[in-house]
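Colleague: Just dropping this structure here.
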Amino acid sequence: MHVMIFGCGYSGTAIAKAFGDSGIRVSGTTRSEEKAEELRKIGIEAFIFNGEDLSDDLCAAMATVTHLVQSIAPRDADPLLALLGKDSTVLLPDLQWIGYLSTVGVYGDHKGSWVTEETPCIPVSGRSKERLDAEDAWLALGRSRETPAAILRLSGIYGPGRNAFVNLDRGTARRIIKKDQVFNRIRVEDIGASTRFLSEHALGGIYNVTDDQPGPPQDVIVEAASLMGVTPPPDQPFETAEMTPMARSFYGENKRVSNAKLKAAGFRFAFPNYPMSLAQLWQNDSWRG
């Protein structure tokens, strides 16, 4: 078994660790030699990939890949699919399973209602539309090769080194209040575990990888501040808060995302809701990463 993760960043590294704990060969790509060296130090066979061409050593490694995970965001189109061309068997002759990391952003705005994998997608942002196109393309590749292709639609990612505690500690935490706004979240370790679960069971199709407890974003800040024993930042009305266009765009989508399908397949979340997850990060002193 040889797992290769294209785009071995925050989520990709968690996926690599989920597989690598069992002695499975795990490779990953990154854009810089500095990052590649960091990956090698934790046992990941690292390759440089700039999204535009495949090096000889990367092609040689791909020849033995059995499980492929693609986490690189599309730029107009999926960069890896473009390089694989019409016949992916040339570069990936032994492929047995595909995982594609997408986003719950593809659902668009559902005004706080629950969405499932069957809910029609009405993406709002250009980046979510590109993700949806990439999902379709990877599913099509799976069908053409009779290989399971799983689409993991991720909600807001957090975990060690990337969480409300870090933001409070840095003084960058904000309590943006928008009436009735809710978001789902996902702990990064559960991304790793769910990817391994889907691959081990040769499951394809679309899965929401998200927690059980969608809630207002300001409540997460209050929960973390309470655990830290600090005063949370003051409320800021969404309408007048200074925000980047991208940050503001997230608030244009309001939905509650169901994870029932993944649970029905047999997966169990280690961190099913943010209160217990934040408590674990704080108690274990792992929030800094």
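Quick note on naming: the chains in the structure tokens go A, B, ... in the order shown, residues restart at 1 in each chain, and ligands are numbered from 1 in order of appearance.
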Can you pull out every residue within 6 Å of range 59-70 of chain A, counting only C-alpha atoms, but drop anything in the same chain fewer than 2 positions away, and send it as a PyMOL selection string?

Modeller: chain A and resi 1-6+56-57+72+91-92+94-100

Colleague: Can you pull out every residue within 9 Å of Phe183 in chain A, counting only C-alpha atoms, but drop anything in the same chain fewer than 2 positions away, and send it as a PDB file with all heavy atoms, in the first residue's frame?

Modeller:
```pdb
ATOM      1  N   GLY A 112     -29.757  28.609   7.023  1.00  0.00           N
ATOM      2  CA  GLY A 112     -29.750  27.919   8.309  1.00  0.00           C
ATOM      3  C   GLY A 112     -30.366  26.541   8.310  1.00  0.00           C
ATOM      4  O   GLY A 112     -30.350  25.863   9.343  1.00  0.00           O
ATOM      5  N   SER A 155     -16.071  20.971   6.587  1.00  0.00           N
ATOM      6  CA  SER A 155     -16.505  22.258   7.154  1.00  0.00           C
ATOM      7  C   SER A 155     -15.286  22.979   7.724  1.00  0.00           C
ATOM      8  O   SER A 155     -14.143  22.632   7.393  1.00  0.00           O
ATOM      9  CB  SER A 155     -17.597  22.018   8.206  1.00  0.00           C
ATOM     10  OG  SER A 155     -17.170  21.087   9.180  1.00  0.00           O
ATOM     11  N   GLY A 156     -15.496  23.991   8.558  1.00  0.00           N
ATOM     12  CA  GLY A 156     -14.387  24.820   9.049  1.00  0.00           C
ATOM     13  C   GLY A 156     -13.363  24.005   9.835  1.00  0.00           C
ATOM     14  O   GLY A 156     -13.693  23.420  10.866  1.00  0.00           O
ATOM     15  N   GLN A 181     -26.776  33.303  12.294  1.00  0.00           N
ATOM     16  CA  GLN A 181     -25.692  32.685  11.536  1.00  0.00           C
ATOM     17  C   GLN A 181     -25.126  31.482  12.294  1.00  0.00           C
ATOM     18  O   GLN A 181     -24.867  31.557  13.492  1.00  0.00           O
ATOM     19  CB  GLN A 181     -24.563  33.685  11.304  1.00  0.00           C
ATOM     20  CG  GLN A 181     -23.369  33.127  10.537  1.00  0.00           C
ATOM     21  CD  GLN A 181     -23.663  32.963   9.059  1.00  0.00           C
ATOM     22  OE1 GLN A 181     -24.228  33.845   8.440  1.00  0.00           O
ATOM     23  NE2 GLN A 181     -23.277  31.833   8.498  1.00  0.00           N
ATOM     24  N   ARG A 185     -18.034  22.809  12.020  1.00  0.00           N
ATOM     25  CA  ARG A 185     -16.571  22.731  12.131  1.00  0.00           C
ATOM     26  C   ARG A 185     -16.144  21.276  12.020  1.00  0.00           C
ATOM     27  O   ARG A 185     -16.969  20.375  12.134  1.00  0.00           O
ATOM     28  CB  ARG A 185     -16.105  23.300  13.485  1.00  0.00           C
ATOM     29  CG  ARG A 185     -16.384  24.770  13.634  1.00  0.00           C
ATOM     30  CD  ARG A 185     -16.639  25.189  15.073  1.00  0.00           C
ATOM     31  NE  ARG A 185     -17.281  26.511  15.058  1.00  0.00           N
ATOM     32  CZ  ARG A 185     -18.597  26.689  15.002  1.00  0.00           C
ATOM     33  NH1 ARG A 185     -19.400  25.646  15.003  1.00  0.00           N
ATOM     34  NH2 ARG A 185     -19.095  27.908  14.949  1.00  0.00           N
ATOM     35  N   GLN A 213     -22.408  19.639  15.780  1.00  0.00           N
ATOM     36  CA  GLN A 213     -22.961  20.800  16.478  1.00  0.00           C
ATOM     37  C   GLN A 213     -22.718  22.111  15.746  1.00  0.00           C
ATOM     38  O   GLN A 213     -21.856  22.900  16.139  1.00  0.00           O
ATOM     39  CB  GLN A 213     -22.379  20.871  17.897  1.00  0.00           C
ATOM     40  CG  GLN A 213     -23.072  21.890  18.795  1.00  0.00           C
ATOM     41  CD  GLN A 213     -22.618  21.770  20.241  1.00  0.00           C
ATOM     42  OE1 GLN A 213     -22.202  20.702  20.690  1.00  0.00           O
ATOM     43  NE2 GLN A 213     -22.691  22.852  20.976  1.00  0.00           N
ATOM     44  N   PRO A 214     -23.481  22.371  14.674  1.00  0.00           N
ATOM     45  CA  PRO A 214     -23.376  23.694  14.062  1.00  0.00           C
ATOM     46  C   PRO A 214     -23.816  24.755  15.064  1.00  0.00           C
ATOM     47  O   PRO A 214     -24.744  24.534  15.855  1.00  0.00           O
ATOM     48  CB  PRO A 214     -24.347  23.614  12.877  1.00  0.00           C
ATOM     49  CG  PRO A 214     -25.297  22.518  13.232  1.00  0.00           C
ATOM     50  CD  PRO A 214     -24.517  21.538  14.052  1.00  0.00           C
ATOM     51  N   GLY A 215     -23.124  25.882  15.051  1.00  0.00           N
ATOM     52  CA  GLY A 215     -23.473  26.921  16.013  1.00  0.00           C
ATOM     53  C   GLY A 215     -22.902  28.258  15.607  1.00  0.00           C
ATOM     54  O   GLY A 215     -22.086  28.374  14.689  1.00  0.00           O
ATOM     55  N   PRO A 216     -23.332  29.317  16.299  1.00  0.00           N
ATOM     56  CA  PRO A 216     -22.837  30.662  16.014  1.00  0.00           C
ATOM     57  C   PRO A 216     -21.334  30.751  16.258  1.00  0.00           C
ATOM     58  O   PRO A 216     -20.841  30.241  17.264  1.00  0.00           O
ATOM     59  CB  PRO A 216     -23.610  31.547  16.999  1.00  0.00           C
ATOM     60  CG  PRO A 216     -24.812  30.750  17.387  1.00  0.00           C
ATOM     61  CD  PRO A 216     -24.361  29.326  17.360  1.00  0.00           C
ATOM     62  N   PRO A 217     -20.583  31.393  15.365  1.00  0.00           N
ATOM     63  CA  PRO A 217     -19.126  31.452  15.528  1.00  0.00           C
ATOM     64  C   PRO A 217     -18.690  32.152  16.804  1.00  0.00           C
ATOM     65  O   PRO A 217     -17.671  31.791  17.399  1.00  0.00           O
ATOM     66  CB  PRO A 217     -18.655  32.201  14.276  1.00  0.00           C
ATOM     67  CG  PRO A 217     -19.857  32.944  13.786  1.00  0.00           C
ATOM     68  CD  PRO A 217     -21.029  32.085  14.141  1.00  0.00           C
ATOM     69  N   TYR A 251     -19.843  34.491   5.565  1.00  0.00           N
ATOM     70  CA  TYR A 251     -21.090  34.794   6.268  1.00  0.00           C
ATOM     71  C   TYR A 251     -22.274  34.883   5.308  1.00  0.00           C
ATOM     72  O   TYR A 251     -23.417  35.003   5.739  1.00  0.00           O
ATOM     73  CB  TYR A 251     -20.944  36.095   7.051  1.00  0.00           C
ATOM     74  CG  TYR A 251     -20.178  35.940   8.345  1.00  0.00           C
ATOM     75  CD1 TYR A 251     -18.779  35.871   8.345  1.00  0.00           C
ATOM     76  CD2 TYR A 251     -20.840  35.863   9.566  1.00  0.00           C
ATOM     77  CE1 TYR A 251     -18.068  35.732   9.523  1.00  0.00           C
ATOM     78  CE2 TYR A 251     -20.137  35.722  10.747  1.00  0.00           C
ATOM     79  CZ  TYR A 251     -18.754  35.655  10.724  1.00  0.00           C
ATOM     80  OH  TYR A 251     -18.054  35.508  11.902  1.00  0.00           O
ATOM     81  N   GLU A 253     -23.142  32.466   3.534  1.00  0.00           N
ATOM     82  CA  GLU A 253     -23.653  31.102   3.445  1.00  0.00           C
ATOM     83  C   GLU A 253     -24.010  30.633   4.849  1.00  0.00           C
ATOM     84  O   GLU A 253     -23.170  30.643   5.742  1.00  0.00           O
ATOM     85  CB  GLU A 253     -22.605  30.172   2.818  1.00  0.00           C
ATOM     86  CG  GLU A 253     -22.182  30.600   1.423  1.00  0.00           C
ATOM     87  CD  GLU A 253     -21.073  29.724   0.865  1.00  0.00           C
ATOM     88  OE1 GLU A 253     -20.794  28.672   1.474  1.00  0.00           O
ATOM     89  OE2 GLU A 253     -20.492  30.092  -0.155  1.00  0.00           O
ATOM     90  N   ASN A 254     -25.244  30.225   5.036  1.00  0.00           N
ATOM     91  CA  ASN A 254     -25.743  29.842   6.353  1.00  0.00           C
ATOM     92  C   ASN A 254     -26.462  28.503   6.226  1.00  0.00           C
ATOM     93  O   ASN A 254     -27.464  28.403   5.518  1.00  0.00           O
ATOM     94  CB  ASN A 254     -26.693  30.929   6.876  1.00  0.00           C
ATOM     95  CG  ASN A 254     -27.088  30.726   8.318  1.00  0.00           C
ATOM     96  OD1 ASN A 254     -26.487  29.937   9.039  1.00  0.00           O
ATOM     97  ND2 ASN A 254     -28.111  31.448   8.748  1.00  0.00           N
ATOM     98  N   LYS A 255     -25.929  27.494   6.878  1.00  0.00           N
ATOM     99  CA  LYS A 255     -26.517  26.151   6.772  1.00  0.00           C
ATOM    100  C   LYS A 255     -26.055  25.294   7.942  1.00  0.00           C
ATOM    101  O   LYS A 255     -25.059  25.578   8.592  1.00  0.00           O
ATOM    102  CB  LYS A 255     -26.098  25.489   5.451  1.00  0.00           C
ATOM    103  CG  LYS A 255     -24.589  25.464   5.240  1.00  0.00           C
ATOM    104  CD  LYS A 255     -24.238  25.015   3.840  1.00  0.00           C
ATOM    105  CE  LYS A 255     -22.778  25.303   3.524  1.00  0.00           C
ATOM    106  NZ  LYS A 255     -22.547  26.750   3.258  1.00  0.00           N
ATOM    107  N   ARG A 256     -26.799  24.242   8.182  1.00  0.00           N
ATOM    108  CA  ARG A 256     -26.427  23.213   9.148  1.00  0.00           C
ATOM    109  C   ARG A 256     -26.150  21.942   8.359  1.00  0.00           C
ATOM    110  O   ARG A 256     -27.028  21.462   7.636  1.00  0.00           O
ATOM    111  CB  ARG A 256     -27.543  23.002  10.167  1.00  0.00           C
ATOM    112  CG  ARG A 256     -27.727  24.175  11.119  1.00  0.00           C
ATOM    113  CD  ARG A 256     -28.983  24.035  11.971  1.00  0.00           C
ATOM    114  NE  ARG A 256     -28.984  24.979  13.075  1.00  0.00           N
ATOM    115  CZ  ARG A 256     -29.408  26.228  12.999  1.00  0.00           C
ATOM    116  NH1 ARG A 256     -29.857  26.702  11.830  1.00  0.00           N
ATOM    117  NH2 ARG A 256     -29.374  27.024  14.053  1.00  0.00           N
ATOM    118  N   VAL A 257     -24.946  21.405   8.490  1.00  0.00           N
ATOM    119  CA  VAL A 257     -24.519  20.293   7.641  1.00  0.00           C
ATOM    120  C   VAL A 257     -24.588  18.981   8.415  1.00  0.00           C
ATOM    121  O   VAL A 257     -24.004  18.845   9.488  1.00  0.00           O
ATOM    122  CB  VAL A 257     -23.082  20.527   7.120  1.00  0.00           C
ATOM    123  CG1 VAL A 257     -22.696  19.423   6.142  1.00  0.00           C
ATOM    124  CG2 VAL A 257     -22.984  21.894   6.433  1.00  0.00           C
TER     125      VAL A 257
END
```

Colleague: In Å, with one decimal, what is the gap from CA of Pro245 in chain A to CA of Ser125 in chain A?

Modeller: 11.0 Å

Colleague: Write out as a PyMOL selection string all residues of range 32-208 of chain A that DSSP puts in strand (DSSP E) for this structure's backbone.

Modeller: chain A and resi 45-48+67-70+97-103+114-115+149-154+156-158+175-177+185-187+205-208

Colleague: With only C-alpha atoms as the counted atoms, please give the residues lying no more than 12 Å from Ala247 in chain A, apart from itself and same-chain residues fewer than 4 positions off, as a VMD selection string.

Modeller: chain A and resid 125 174 176 238 241 to 243 251 to 253

Colleague: Please write the residues from the selection above to a file, keeping N, CA, C and O atoms, as a PDB file, in the first residue's frame.

Modeller:
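This is the output file part.pdb:
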```
ATOM      1  N   SER A 125     -19.719  31.392  -4.139  1.00  0.00           N
ATOM      2  CA  SER A 125     -18.421  31.942  -4.521  1.00  0.00           C
ATOM      3  C   SER A 125     -17.825  31.210  -5.721  1.00  0.00           C
ATOM      4  O   SER A 125     -18.137  30.035  -5.979  1.00  0.00           O
ATOM      5  N   ARG A 174     -12.172  37.538  17.233  1.00  0.00           N
ATOM      6  CA  ARG A 174     -13.246  38.526  17.085  1.00  0.00           C
ATOM      7  C   ARG A 174     -14.593  37.826  17.246  1.00  0.00           C
ATOM      8  O   ARG A 174     -14.770  36.687  16.827  1.00  0.00           O
ATOM      9  N   ILE A 176     -17.834  38.292  15.822  1.00  0.00           N
ATOM     10  CA  ILE A 176     -18.675  38.890  14.789  1.00  0.00           C
ATOM     11  C   ILE A 176     -20.092  38.344  14.954  1.00  0.00           C
ATOM     12  O   ILE A 176     -20.296  37.123  14.903  1.00  0.00           O
ATOM     13  N   PHE A 238     -21.941  42.337  12.432  1.00  0.00           N
ATOM     14  CA  PHE A 238     -21.438  41.948  11.115  1.00  0.00           C
ATOM     15  C   PHE A 238     -21.532  43.095  10.111  1.00  0.00           C
ATOM     16  O   PHE A 238     -20.632  43.313   9.302  1.00  0.00           O
ATOM     17  N   ALA A 241     -18.601  45.542  10.904  1.00  0.00           N
ATOM     18  CA  ALA A 241     -17.265  45.015  11.202  1.00  0.00           C
ATOM     19  C   ALA A 241     -16.358  45.112   9.986  1.00  0.00           C
ATOM     20  O   ALA A 241     -16.795  44.895   8.842  1.00  0.00           O
ATOM     21  N   GLU A 242     -15.094  45.475  10.218  1.00  0.00           N
ATOM     22  CA  GLU A 242     -14.110  45.478   9.138  1.00  0.00           C
ATOM     23  C   GLU A 242     -13.653  44.049   8.880  1.00  0.00           C
ATOM     24  O   GLU A 242     -13.131  43.390   9.767  1.00  0.00           O
ATOM     25  N   MET A 243     -13.838  43.578   7.662  1.00  0.00           N
ATOM     26  CA  MET A 243     -13.501  42.203   7.298  1.00  0.00           C
ATOM     27  C   MET A 243     -12.976  42.174   5.881  1.00  0.00           C
ATOM     28  O   MET A 243     -13.340  43.020   5.055  1.00  0.00           O
ATOM     29  N   TYR A 251     -19.843  34.491   5.565  1.00  0.00           N
ATOM     30  CA  TYR A 251     -21.090  34.794   6.268  1.00  0.00           C
ATOM     31  C   TYR A 251     -22.274  34.883   5.308  1.00  0.00           C
ATOM     32  O   TYR A 251     -23.417  35.003   5.739  1.00  0.00           O
ATOM     33  N   GLY A 252     -22.011  34.841   4.031  1.00  0.00           N
ATOM     34  CA  GLY A 252     -23.086  34.838   3.046  1.00  0.00           C
ATOM     35  C   GLY A 252     -23.703  33.464   2.857  1.00  0.00           C
ATOM     36  O   GLY A 252     -24.665  33.311   2.096  1.00  0.00           O
ATOM     37  N   GLU A 253     -23.142  32.466   3.534  1.00  0.00           N
ATOM     38  CA  GLU A 253     -23.653  31.102   3.445  1.00  0.00           C
ATOM     39  C   GLU A 253     -24.010  30.633   4.849  1.00  0.00           C
ATOM     40  O   GLU A 253     -23.170  30.643   5.742  1.00  0.00           O
TER      41      GLU A 253
END
```

Colleague: Give me the residues near range 225-229 of chain A as a PyMOL selection string, where near means some atom within 8 Å (using only C-alpha atoms) and where sequence neighbours in that chain fewer than 2 positions away do not count.

Modeller: chain A and resi 165+168+221-223+231-232+279+282

Colleague: In terms of the shortest atom-to-atom distance over only C-alpha atoms, which of A:Pro272, A:Gly12, A:Gly51, A:Gly204 is closest to Glu146 in chain A?

Modeller: A:Gly204

Colleague: In Å, with one decimal, what is the gap from CA of Asp211 in chain A to CA of Asn273 in chain A?

Modeller: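 Value for the CA of Asp211 in chain A-CA of Asn273 in chain A distance: 5.6 Å.
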
Colleague: Residues at most 7 Å from Glu130 in chain A, counting only C-alpha atoms, excluding those fewer than 4 positions away in the same chain, as a ChimeraX atom specification?

Modeller: /A:74,76-77,126,134

Colleague: Based on DSSP run over this structure's backbone, return all residues of range 27-257 of chain A in helix (DSSP H, G or I), as a ChimeraX atom specification.

Modeller: /A:33-41,56-62,79-84,104-107,126-145,164-170,188-200,217-228,245-250

Colleague: Measuring atom to atom with only C-alpha atoms, identify which of A:Thr210, A:Leu83, A:Ser277, A:Lys17 is nearest to Thr116 in chain A.

Modeller: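 Among the listed residues, the smallest separation from Thr116 in chain A belongs to A:Thr210.
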
Colleague: What is the CA of Asp53 in chain A to CA of Thr29 in chain A distance in Å?

Modeller: 12.3 Å
